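**Student:** Supplied structure: query32.cif, mmCIF, C-alpha atoms.
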```cif
data_structure
loop_
_atom_site.group_PDB
_atom_site.id
_atom_site.type_symbol
_atom_site.label_atom_id
_atom_site.label_comp_id
_atom_site.auth_asym_id
_atom_site.auth_seq_id
_atom_site.Cartn_x
_atom_site.Cartn_y
_atom_site.Cartn_z
ATOM 1 C CA MET A 1 0.000 0.000 0.000
ATOM 2 C CA LYS A 2 1.478 3.247 -1.063
ATOM 3 C CA VAL A 3 1.459 5.947 1.576
ATOM 4 C CA ILE A 4 1.808 9.540 0.623
ATOM 5 C CA PHE A 5 3.116 11.581 3.513
ATOM 6 C CA LYS A 6 2.363 15.259 3.144
ATOM 7 C CA ASN A 7 4.979 16.768 5.415
ATOM 8 C CA ALA A 8 4.460 20.253 4.101
ATOM 9 C CA PHE A 9 2.634 21.431 7.185
ATOM 10 C CA MET A 10 5.267 20.438 9.722
ATOM 11 C CA ILE A 11 6.489 23.913 9.205
ATOM 12 C CA SER A 12 3.042 25.141 10.183
ATOM 13 C CA LEU A 13 4.418 26.410 13.435
ATOM 14 C CA ALA A 14 4.954 29.402 11.253
ATOM 15 C CA THR A 15 1.278 30.065 11.714
ATOM 16 C CA THR A 16 1.719 31.250 15.258
ATOM 17 C CA LEU A 17 2.736 34.709 14.625
ATOM 18 C CA PHE A 18 2.057 38.210 15.143
ATOM 19 C CA ILE A 19 0.764 41.453 14.038
ATOM 20 C CA SER A 20 -0.769 42.753 10.914
ATOM 21 C CA CYS A 21 1.810 45.448 11.308
ATOM 22 C CA SER A 22 4.745 46.420 9.122
ATOM 23 C CA ASN A 23 5.510 49.393 7.017
ATOM 24 C CA GLU A 24 1.873 50.441 6.708
ATOM 25 C CA ASN A 25 2.567 54.116 6.949
ATOM 26 C CA GLU A 26 0.595 55.418 4.014
ATOM 27 C CA SER A 27 1.464 59.039 4.539
ATOM 28 C CA VAL A 28 1.172 61.707 1.894
ATOM 29 C CA SER A 29 3.707 61.384 -0.879
ATOM 30 C CA THR A 30 4.908 64.246 -3.005
ATOM 31 C CA ASP A 31 5.450 61.879 -5.879
ATOM 32 C CA ALA A 32 2.329 61.661 -8.056
ATOM 33 C CA THR A 33 2.930 58.036 -8.982
ATOM 34 C CA GLN A 34 3.321 56.984 -5.354
ATOM 35 C CA THR A 35 0.215 58.927 -4.393
ATOM 36 C CA SER A 36 -1.761 57.171 -7.120
ATOM 37 C CA THR A 37 -0.511 53.806 -5.863
ATOM 38 C CA VAL A 38 -1.664 54.600 -2.341
ATOM 39 C CA LEU A 39 -5.132 55.457 -3.617
ATOM 40 C CA ARG A 40 -5.335 52.190 -5.525
ATOM 41 C CA LYS A 41 -4.351 50.269 -2.418
ATOM 42 C CA LEU A 42 -7.103 51.867 -0.401
ATOM 43 C CA THR A 43 -9.884 51.453 -2.956
ATOM 44 C CA THR A 44 -9.281 47.975 -4.365
ATOM 45 C CA ASP A 45 -12.119 45.544 -3.747
ATOM 46 C CA TYR A 46 -10.681 42.050 -3.248
ATOM 47 C CA ASN A 47 -14.023 40.506 -2.337
ATOM 48 C CA THR A 48 -14.667 39.051 -5.787
ATOM 49 C CA PHE A 49 -16.135 35.762 -6.952
ATOM 50 C CA GLU A 50 -12.773 34.870 -8.488
ATOM 51 C CA ASN A 51 -10.892 35.444 -5.235
ATOM 52 C CA LYS A 52 -13.440 33.530 -3.186
ATOM 53 C CA SER A 53 -13.214 30.616 -5.622
ATOM 54 C CA SER A 54 -9.426 30.753 -5.373
ATOM 55 C CA ILE A 55 -9.613 30.509 -1.583
ATOM 56 C CA GLU A 56 -11.722 27.373 -1.943
ATOM 57 C CA LYS A 57 -9.055 25.844 -4.186
ATOM 58 C CA LEU A 58 -6.232 26.986 -1.919
ATOM 59 C CA SER A 59 -7.728 25.307 1.150
ATOM 60 C CA LYS A 60 -7.185 21.917 -0.491
ATOM 61 C CA ASP A 61 -3.841 22.690 -2.138
ATOM 62 C CA TYR A 62 -1.183 21.464 0.291
ATOM 63 C CA GLU A 63 1.737 22.398 -1.924
ATOM 64 C CA ASN A 64 0.702 26.038 -2.276
ATOM 65 C CA LEU A 65 -0.274 26.307 1.373
ATOM 66 C CA GLU A 66 3.294 25.323 2.154
ATOM 67 C CA LYS A 67 4.540 28.081 -0.156
ATOM 68 C CA ILE A 68 2.469 30.649 1.720
ATOM 69 C CA ILE A 69 3.938 29.486 5.000
ATOM 70 C CA LEU A 70 7.520 29.534 3.725
ATOM 71 C CA ASP A 71 7.407 32.680 1.605
ATOM 72 C CA ILE A 72 5.012 34.897 3.543
ATOM 73 C CA GLN A 73 4.569 33.684 7.111
ATOM 74 C CA VAL A 74 8.097 32.574 7.988
ATOM 75 C CA PRO A 75 9.576 36.044 7.316
ATOM 76 C CA ALA A 76 6.932 37.453 9.651
ATOM 77 C CA ILE A 77 8.195 35.156 12.398
ATOM 78 C CA HIS A 78 11.634 36.698 12.200
ATOM 79 C CA HIS A 79 10.044 40.144 12.246
ATOM 80 C CA ILE A 80 8.111 39.460 15.432
ATOM 81 C CA LYS A 81 10.969 37.713 17.220
ATOM 82 C CA GLN A 82 13.134 40.763 16.726
ATOM 83 C CA ARG A 83 10.570 42.719 18.719
ATOM 84 C CA GLY A 84 10.699 40.403 21.693
ATOM 85 C CA VAL A 85 7.174 39.016 21.365
ATOM 86 C CA ASP A 86 6.560 35.445 22.498
ATOM 87 C CA ILE A 87 5.300 33.762 19.336
ATOM 88 C CA SER A 88 3.742 30.920 21.327
ATOM 89 C CA ASN A 89 1.487 33.289 23.290
ATOM 90 C CA THR A 90 -1.608 34.069 21.238
ATOM 91 C CA GLU A 91 -2.827 36.866 23.468
ATOM 92 C CA GLU A 92 0.574 38.523 23.387
ATOM 93 C CA LEU A 93 0.517 38.427 19.605
ATOM 94 C CA ILE A 94 -2.954 39.961 19.501
ATOM 95 C CA VAL A 95 -1.960 42.692 21.945
ATOM 96 C CA PHE A 96 1.083 43.471 19.836
ATOM 97 C CA TYR A 97 -1.145 43.763 16.764
ATOM 98 C CA GLU A 98 -3.679 45.779 18.704
ATOM 99 C CA ASN A 99 -1.029 48.359 19.597
ATOM 100 C CA CYS A 100 0.550 48.479 16.165
ATOM 101 C CA LYS A 101 0.645 52.141 15.178
ATOM 102 C CA GLU A 102 1.762 51.461 11.611
ATOM 103 C CA CYS A 103 -1.155 49.175 10.793
ATOM 104 C CA ASP A 104 -4.305 50.170 8.990
ATOM 105 C CA ASN A 105 -6.544 51.338 11.824
ATOM 106 C CA GLU A 106 -9.856 50.256 10.323
ATOM 107 C CA TYR A 107 -8.911 46.664 9.569
ATOM 108 C CA ARG A 108 -6.944 46.300 12.795
ATOM 109 C CA ASP A 109 -9.674 47.657 15.049
ATOM 110 C CA ALA A 110 -12.344 45.604 13.298
ATOM 111 C CA LEU A 111 -10.373 42.334 13.452
ATOM 112 C CA VAL A 112 -8.889 42.409 16.961
ATOM 113 C CA PRO A 113 -12.154 41.518 18.767
ATOM 114 C CA LEU A 114 -12.745 38.628 16.343
ATOM 115 C CA LEU A 115 -9.188 37.323 16.670
ATOM 116 C CA ARG A 116 -9.410 37.420 20.448
ATOM 117 C CA LYS A 117 -12.727 35.596 20.451
ATOM 118 C CA LEU A 118 -11.475 32.964 18.015
ATOM 119 C CA SER A 119 -8.454 32.271 20.206
ATOM 120 C CA GLN A 120 -10.838 31.283 23.010
ATOM 121 C CA THR A 121 -13.383 29.363 20.923
ATOM 122 C CA GLU A 122 -13.723 25.588 20.874
ATOM 123 C CA ASP A 123 -13.258 23.992 17.464
ATOM 124 C CA THR A 124 -16.923 23.017 17.157
ATOM 125 C CA GLU A 125 -18.049 26.642 17.597
ATOM 126 C CA VAL A 126 -15.569 28.366 15.277
ATOM 127 C CA ILE A 127 -17.887 28.384 12.245
ATOM 128 C CA ASN A 128 -20.737 29.875 14.275
ATOM 129 C CA VAL A 129 -18.503 32.670 15.575
ATOM 130 C CA LEU A 130 -17.265 33.504 12.075
ATOM 131 C CA VAL A 131 -20.702 33.432 10.442
ATOM 132 C CA ASP A 132 -22.127 35.656 13.163
ATOM 133 C CA TYR A 133 -19.294 38.132 12.668
ATOM 134 C CA ALA A 134 -19.730 38.114 8.886
ATOM 135 C CA ASN A 135 -23.435 38.821 9.256
ATOM 136 C CA ASN A 136 -22.684 41.901 11.328
ATOM 137 C CA ILE A 137 -19.873 43.506 9.340
ATOM 138 C CA ASP A 138 -22.257 46.130 7.988
ATOM 139 C CA ARG A 139 -22.772 47.368 11.550
ATOM 140 C CA LEU A 140 -19.114 48.328 11.980
ATOM 141 C CA ASN A 141 -19.550 51.690 10.229
ATOM 142 C CA LEU A 142 -16.800 51.058 7.703
ATOM 143 C CA ASP A 143 -16.678 52.304 4.140
ATOM 144 C CA GLU A 144 -17.957 49.926 1.482
ATOM 145 C CA THR A 145 -14.567 48.762 0.190
ATOM 146 C CA THR A 146 -13.177 48.121 3.662
ATOM 147 C CA SER A 147 -16.325 46.215 4.599
ATOM 148 C CA ARG A 148 -16.103 44.049 1.506
ATOM 149 C CA ASN A 149 -12.408 43.325 2.011
ATOM 150 C CA LEU A 150 -13.102 42.436 5.625
ATOM 151 C CA ASP A 151 -15.843 40.106 4.416
ATOM 152 C CA PHE A 152 -13.312 38.437 2.108
ATOM 153 C CA ILE A 153 -10.878 37.854 4.988
ATOM 154 C CA VAL A 154 -13.638 36.356 7.154
ATOM 155 C CA HIS A 155 -14.831 34.241 4.227
ATOM 156 C CA SER A 156 -11.301 32.840 3.986
ATOM 157 C CA MET A 157 -11.391 31.989 7.682
ATOM 158 C CA ILE A 158 -14.691 30.158 7.211
ATOM 159 C CA VAL A 159 -13.385 28.205 4.219
ATOM 160 C CA GLY A 160 -10.278 27.160 6.122
ATOM 161 C CA ALA A 161 -12.203 26.166 9.238
ATOM 162 C CA ASN A 162 -14.832 24.278 7.273
ATOM 163 C CA ASN A 163 -12.209 22.382 5.303
ATOM 164 C CA SER A 164 -10.351 21.504 8.484
ATOM 165 C CA LEU A 165 -13.467 20.278 10.280
ATOM 166 C CA LEU A 166 -14.912 18.314 7.362
ATOM 167 C CA ASN A 167 -11.798 16.833 5.798
ATOM 168 C CA ASN A 168 -9.839 16.268 8.987
ATOM 169 C CA ASN A 169 -12.849 15.441 11.139
ATOM 170 C CA GLY A 170 -11.517 17.309 14.131
ATOM 171 C CA TYR A 171 -7.983 15.946 13.620
ATOM 172 C CA GLU A 172 -9.154 12.346 13.518
ATOM 173 C CA ASN A 173 -7.231 11.814 10.265
ATOM 174 C CA LEU A 174 -4.601 14.418 9.463
ATOM 175 C CA PRO A 175 -3.616 14.034 6.687
ATOM 176 C CA ILE A 176 -5.034 10.798 5.377
ATOM 177 C CA THR A 177 -4.373 8.445 2.525
ATOM 178 C CA ILE A 178 -6.647 5.657 1.369
ATOM 179 C CA GLY A 179 -5.042 2.377 0.464
ATOM 180 C CA ASP A 180 -6.304 -0.419 -1.744
ATOM 181 C CA ASP A 181 -8.343 -1.734 1.168
ATOM 182 C CA ASN A 182 -10.066 1.649 1.654
ATOM 183 C CA GLN A 183 -8.593 2.057 5.124
ATOM 184 C CA TYR A 184 -7.488 5.406 6.462
ATOM 185 C CA VAL A 185 -3.847 5.558 7.459
ATOM 186 C CA THR A 186 -2.226 7.984 9.898
ATOM 187 C CA PHE A 187 1.316 7.805 11.138
ATOM 188 C CA GLY A 188 4.309 9.640 12.557
ATOM 189 C CA PHE A 189 3.982 13.370 13.108
ATOM 190 C CA TRP A 190 0.387 13.443 11.930
ATOM 191 C CA ASP A 191 -0.607 10.556 14.181
ATOM 192 C CA CYS A 192 0.606 12.666 17.083
ATOM 193 C CA PHE A 193 -0.880 15.862 15.735
ATOM 194 C CA ARG A 194 -4.378 14.432 15.274
ATOM 195 C CA LYS A 195 -4.539 13.745 19.010
ATOM 196 C CA THR A 196 -4.439 17.447 19.797
ATOM 197 C CA GLY A 197 -7.694 19.318 19.680
ATOM 198 C CA GLY A 198 -9.601 21.776 21.797
ATOM 199 C CA LYS A 199 -9.161 25.278 20.408
ATOM 200 C CA ALA A 200 -6.509 24.620 17.783
ATOM 201 C CA ILE A 201 -8.593 25.768 14.797
ATOM 202 C CA GLY A 202 -9.662 29.119 16.257
ATOM 203 C CA ARG A 203 -6.190 29.916 17.515
ATOM 204 C CA GLY A 204 -4.689 28.750 14.261
ATOM 205 C CA ILE A 205 -6.951 31.072 12.279
ATOM 206 C CA ALA A 206 -6.157 34.040 14.516
ATOM 207 C CA THR A 207 -2.414 33.636 14.497
ATOM 208 C CA GLY A 208 -2.326 32.480 10.880
ATOM 209 C CA MET A 209 -4.219 35.545 9.721
ATOM 210 C CA ILE A 210 -1.928 37.863 11.673
ATOM 211 C CA THR A 211 1.158 36.106 10.348
ATOM 212 C CA GLY A 212 -0.009 36.181 6.764
ATOM 213 C CA CYS A 213 -1.116 39.771 7.037
ATOM 214 C CA VAL A 214 2.200 41.092 8.290
ATOM 215 C CA GLY A 215 4.175 38.961 5.851
ATOM 216 C CA GLY A 216 2.060 40.206 2.972
ATOM 217 C CA ALA A 217 2.311 43.793 4.193
ATOM 218 C CA ILE A 218 6.093 43.589 4.392
ATOM 219 C CA ALA A 219 6.302 42.176 0.877
ATOM 220 C CA GLY A 220 3.799 44.674 -0.475
ATOM 221 C CA GLY A 221 5.585 47.582 1.148
ATOM 222 C CA THR A 222 8.970 46.477 -0.155
ATOM 223 C CA ALA A 223 8.163 45.420 -3.697
ATOM 224 C CA GLY A 224 4.944 47.360 -4.306
ATOM 225 C CA THR A 225 3.012 44.162 -4.951
ATOM 226 C CA VAL A 226 2.809 40.729 -3.384
ATOM 227 C CA THR A 227 1.892 37.482 -5.095
ATOM 228 C CA VAL A 228 0.074 34.866 -3.029
ATOM 229 C CA PRO A 229 -0.137 31.337 -4.501
ATOM 230 C CA VAL A 230 -3.490 30.617 -6.172
ATOM 231 C CA LEU A 231 -4.920 34.017 -5.166
ATOM 232 C CA GLY A 232 -2.652 36.082 -7.375
ATOM 233 C CA THR A 233 -1.173 39.574 -6.986
ATOM 234 C CA ALA A 234 -2.250 42.334 -4.614
ATOM 235 C CA VAL A 235 -1.025 45.918 -4.567
ATOM 236 C CA GLY A 236 0.946 47.506 -1.756
ATOM 237 C CA VAL A 237 0.847 47.177 2.008
ATOM 238 C CA VAL A 238 -2.923 46.989 2.488
ATOM 239 C CA GLY A 239 -3.444 44.647 -0.449
ATOM 240 C CA GLY A 240 -0.581 42.465 0.726
ATOM 241 C CA CYS A 241 -2.091 42.295 4.174
ATOM 242 C CA ILE A 242 -5.496 41.323 2.805
ATOM 243 C CA PHE A 243 -4.233 38.575 0.497
ATOM 244 C CA GLY A 244 -1.572 37.425 2.954
ATOM 245 C CA GLY A 245 -4.055 37.473 5.825
ATOM 246 C CA ALA A 246 -6.607 35.504 3.830
ATOM 247 C CA GLY A 247 -4.027 32.893 2.854
ATOM 248 C CA GLY A 248 -2.634 32.786 6.381
ATOM 249 C CA ALA A 249 -6.087 32.264 7.832
ATOM 250 C CA VAL A 250 -6.459 29.170 5.657
ATOM 251 C CA THR A 251 -3.054 27.738 6.580
ATOM 252 C CA GLY A 252 -3.840 28.414 10.238
ATOM 253 C CA ALA A 253 -7.200 26.664 10.068
ATOM 254 C CA VAL A 254 -5.952 23.664 8.147
ATOM 255 C CA THR A 255 -2.763 23.099 10.119
ATOM 256 C CA GLY A 256 -3.737 24.245 13.589
ATOM 257 C CA ALA A 257 -1.308 26.292 15.622
ATOM 258 C CA ILE A 258 2.120 25.771 17.118
ATOM 259 C CA TRP A 259 0.862 24.487 20.453
ATOM 260 C CA ALA A 260 -0.819 21.630 18.595
ATOM 261 C CA ALA A 261 2.294 20.685 16.669
ATOM 262 C CA VAL A 262 5.401 21.548 18.627
ATOM 263 C CA ASP A 263 5.229 18.508 20.903
ATOM 264 C CA CYS A 264 5.047 16.224 17.884
ATOM 265 C CA ILE A 265 8.284 17.374 16.276
#
```
Mind converting the file's structure to C-alpha cells?

**Tutor:**
Amino acid sequence: MKVIFKNAFMISLATTLFISCSNENESVSTDATQTSTVLRKLTTDYNTFENKSSIEKLSKDYENLEKIILDIQVPAIHHIKQRGVDISNTEELIVFYENCKECDNEYRDALVPLLRKLSQTEDTEVINVLVDYANNIDRLNLDETTSRNLDFIVHSMIVGANNSLLNNNGYENLPITIGDDNQYVTFGFWDCFRKTGGKAIGRGIATGMITGCVGGAIAGGTAGTVTVPVLGTAVGVVGGCIFGGAGGAVTGAVTGAIWAAVDCI
C-alpha cells in the first residue's frame, strides 16, 4: 500500500505569529505616482467571486499552502521575534497587533475583537462565531470597500475552518491516505498531531491571519506588490495584508497552531 506523507505542514508552526503590522505608513507622498498607488491600495475591492473561488481551491492545495507558509509567514516570524514578542502566546501576539501604530486602523480595530474571540473558541463553535461576525460587518460603520475586504478575509477563515473540520474530522485523520483496502492511514507526526484538539482551529486562524497579514504587508511595502499562490497579486501594504491574511487564515485553520504541533516534532 502506497502511503503519501504530506509533510508540508510540519512547518506550520509558522502560523503562530504576530501582528498585521509592518511598514503600513501610508502618509502623503509628493510623488504623483506613489500617491496614485496609495489610492489604488485603499480602494481595491478584493471581495470578488474569483478570489473567493481561489480561496476554496487553496484550502485543499497542500503544496501552495506550504509556499504561503515559507514565503510569507516565515519572514513574519523573524520580524516578530526581533521585537521580543513570544510567538507561542496568542494573546501577546494579539496585543502586539492591537497596539501596532503602523497598521491600517480600520482593519486592525475591526479584526482584533474577532481574533481574540477565536483564540478562546472551541473547534466546534468556530464556524458559528465567524458566520455571526460576517453577518454583522455592515454594523461596523466602515466604508464599502473596507467592509467588503473584511468580508473576504472572514470568508477565507470560514473556508479554512470548514475544510479543516470536514476533511480532517476534528484531527481524527490528518492528513489521510486511502489504500487499496479503503482504510485510512495515519502515522508519525500526523498521528501525534491528530490527538491534539480543543481550540486549535480558532487559535490557528487568529495567528495564521496575523502572520499572513504582516508577511504580505512587508512584501507589499517592499516590492509594491505581493503574489500569493493561487490568489494572485495584490497591490501595496494593504493589499498584501489582505491577500496574505486571507491565505494565512487558511493555513492556520488547516494546520492548527504551534501548540498543537510543537510537541510532535

**Student:** Under the rule that only C-alpha atoms are counted, which of A:Glu144, A:Gly239, A:Ala206, A:Ile127 is the nearest residue to Ser164 of chain A?

**Tutor:** A:Ile127

**Student:** Using all atoms listed in the file, which residues of segment 226-256 of chain A come within 7 Å of segment 61-83 of chain A, and what is the closest atom pair for each, with the distance in Å to one decimal? Give it as JSON lines, sorted by chain and residue number.

**Tutor:**
```
{"residue": "A:Val228", "atom": "CA", "partner": "A:Ile68", "partner_atom": "CA", "distance": 6.8}
{"residue": "A:Pro229", "atom": "CA", "partner": "A:Asn64", "partner_atom": "CA", "distance": 5.8}
{"residue": "A:Gly247", "atom": "CA", "partner": "A:Ile68", "partner_atom": "CA", "distance": 7.0}
{"residue": "A:Thr251", "atom": "CA", "partner": "A:Leu65", "partner_atom": "CA", "distance": 6.1}
```

**Student:** Find the residues near Glu91 of chain A: any atom within 10 Å, counting all atoms listed in the file, skip ones fewer than 3 places away on the same chain, and give them as a ChimeraX atom specification.

**Tutor:** /A:18,86-88,94-97,115-116,119-120,203,206-207

**Student:** Which neighbours of Glu125 of chain A fall inside 12 Å, counting only C-alpha atoms, when residues of the same chain fewer than 6 positions from it are skipped, and could you give them as a PyMOL selection string?

**Tutor:** chain A and resi 117-119+131-132+158+161-162+165+170+198-202

**Student:** Edge lengths and centre in Å to one decimal, as AutoDock Vina command-line options, is what I'm after for the box along x, y and z that holds all listed atoms of segment 61-72 of chain A once 6 Å is added on each side.

**Tutor:**
```
--center_x 1.8 --center_y 28.2 --center_z 1.4 --size_x 23.4 --size_y 25.4 --size_z 19.3
```

**Student:** For the file shown, what are the residues hit by the PyMOL selection byres ((chain A and resi 156) around 7), laid out as an mmCIF file with C-alpha atoms, in the frame of the given file?

**Tutor:**
```cif
data_model
loop_
_atom_site.group_PDB
_atom_site.id
_atom_site.type_symbol
_atom_site.label_atom_id
_atom_site.label_comp_id
_atom_site.auth_asym_id
_atom_site.auth_seq_id
_atom_site.Cartn_x
_atom_site.Cartn_y
_atom_site.Cartn_z
ATOM 1 C CA ILE A 55 -9.613 30.509 -1.583
ATOM 2 C CA PHE A 152 -13.312 38.437 2.108
ATOM 3 C CA ILE A 153 -10.878 37.854 4.988
ATOM 4 C CA VAL A 154 -13.638 36.356 7.154
ATOM 5 C CA HIS A 155 -14.831 34.241 4.227
ATOM 6 C CA MET A 157 -11.391 31.989 7.682
ATOM 7 C CA ILE A 158 -14.691 30.158 7.211
ATOM 8 C CA VAL A 159 -13.385 28.205 4.219
ATOM 9 C CA GLY A 160 -10.278 27.160 6.122
ATOM 10 C CA ALA A 246 -6.607 35.504 3.830
ATOM 11 C CA ALA A 249 -6.087 32.264 7.832
ATOM 12 C CA VAL A 250 -6.459 29.170 5.657
#
```

**Student:** What does the structure give for the distance between atom CA of Glu98 of chain A and atom CA of Val85 of chain A, in Å to one decimal?

**Tutor:**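 Between atom CA of Glu98 of chain A and atom CA of Val85 of chain A the gap is 13.1 Å.
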
**Student:** Report as a ChimeraX atom specification the residues that result from applying the PyMOL selection byres ((chain A and resi 105-113) around 10) to the structure here.

**Tutor:** /A:19-21,24,94-95,97-104,114-118,133,137,140-143,146-147,149-150,153-154,206,209-210,238,241-242
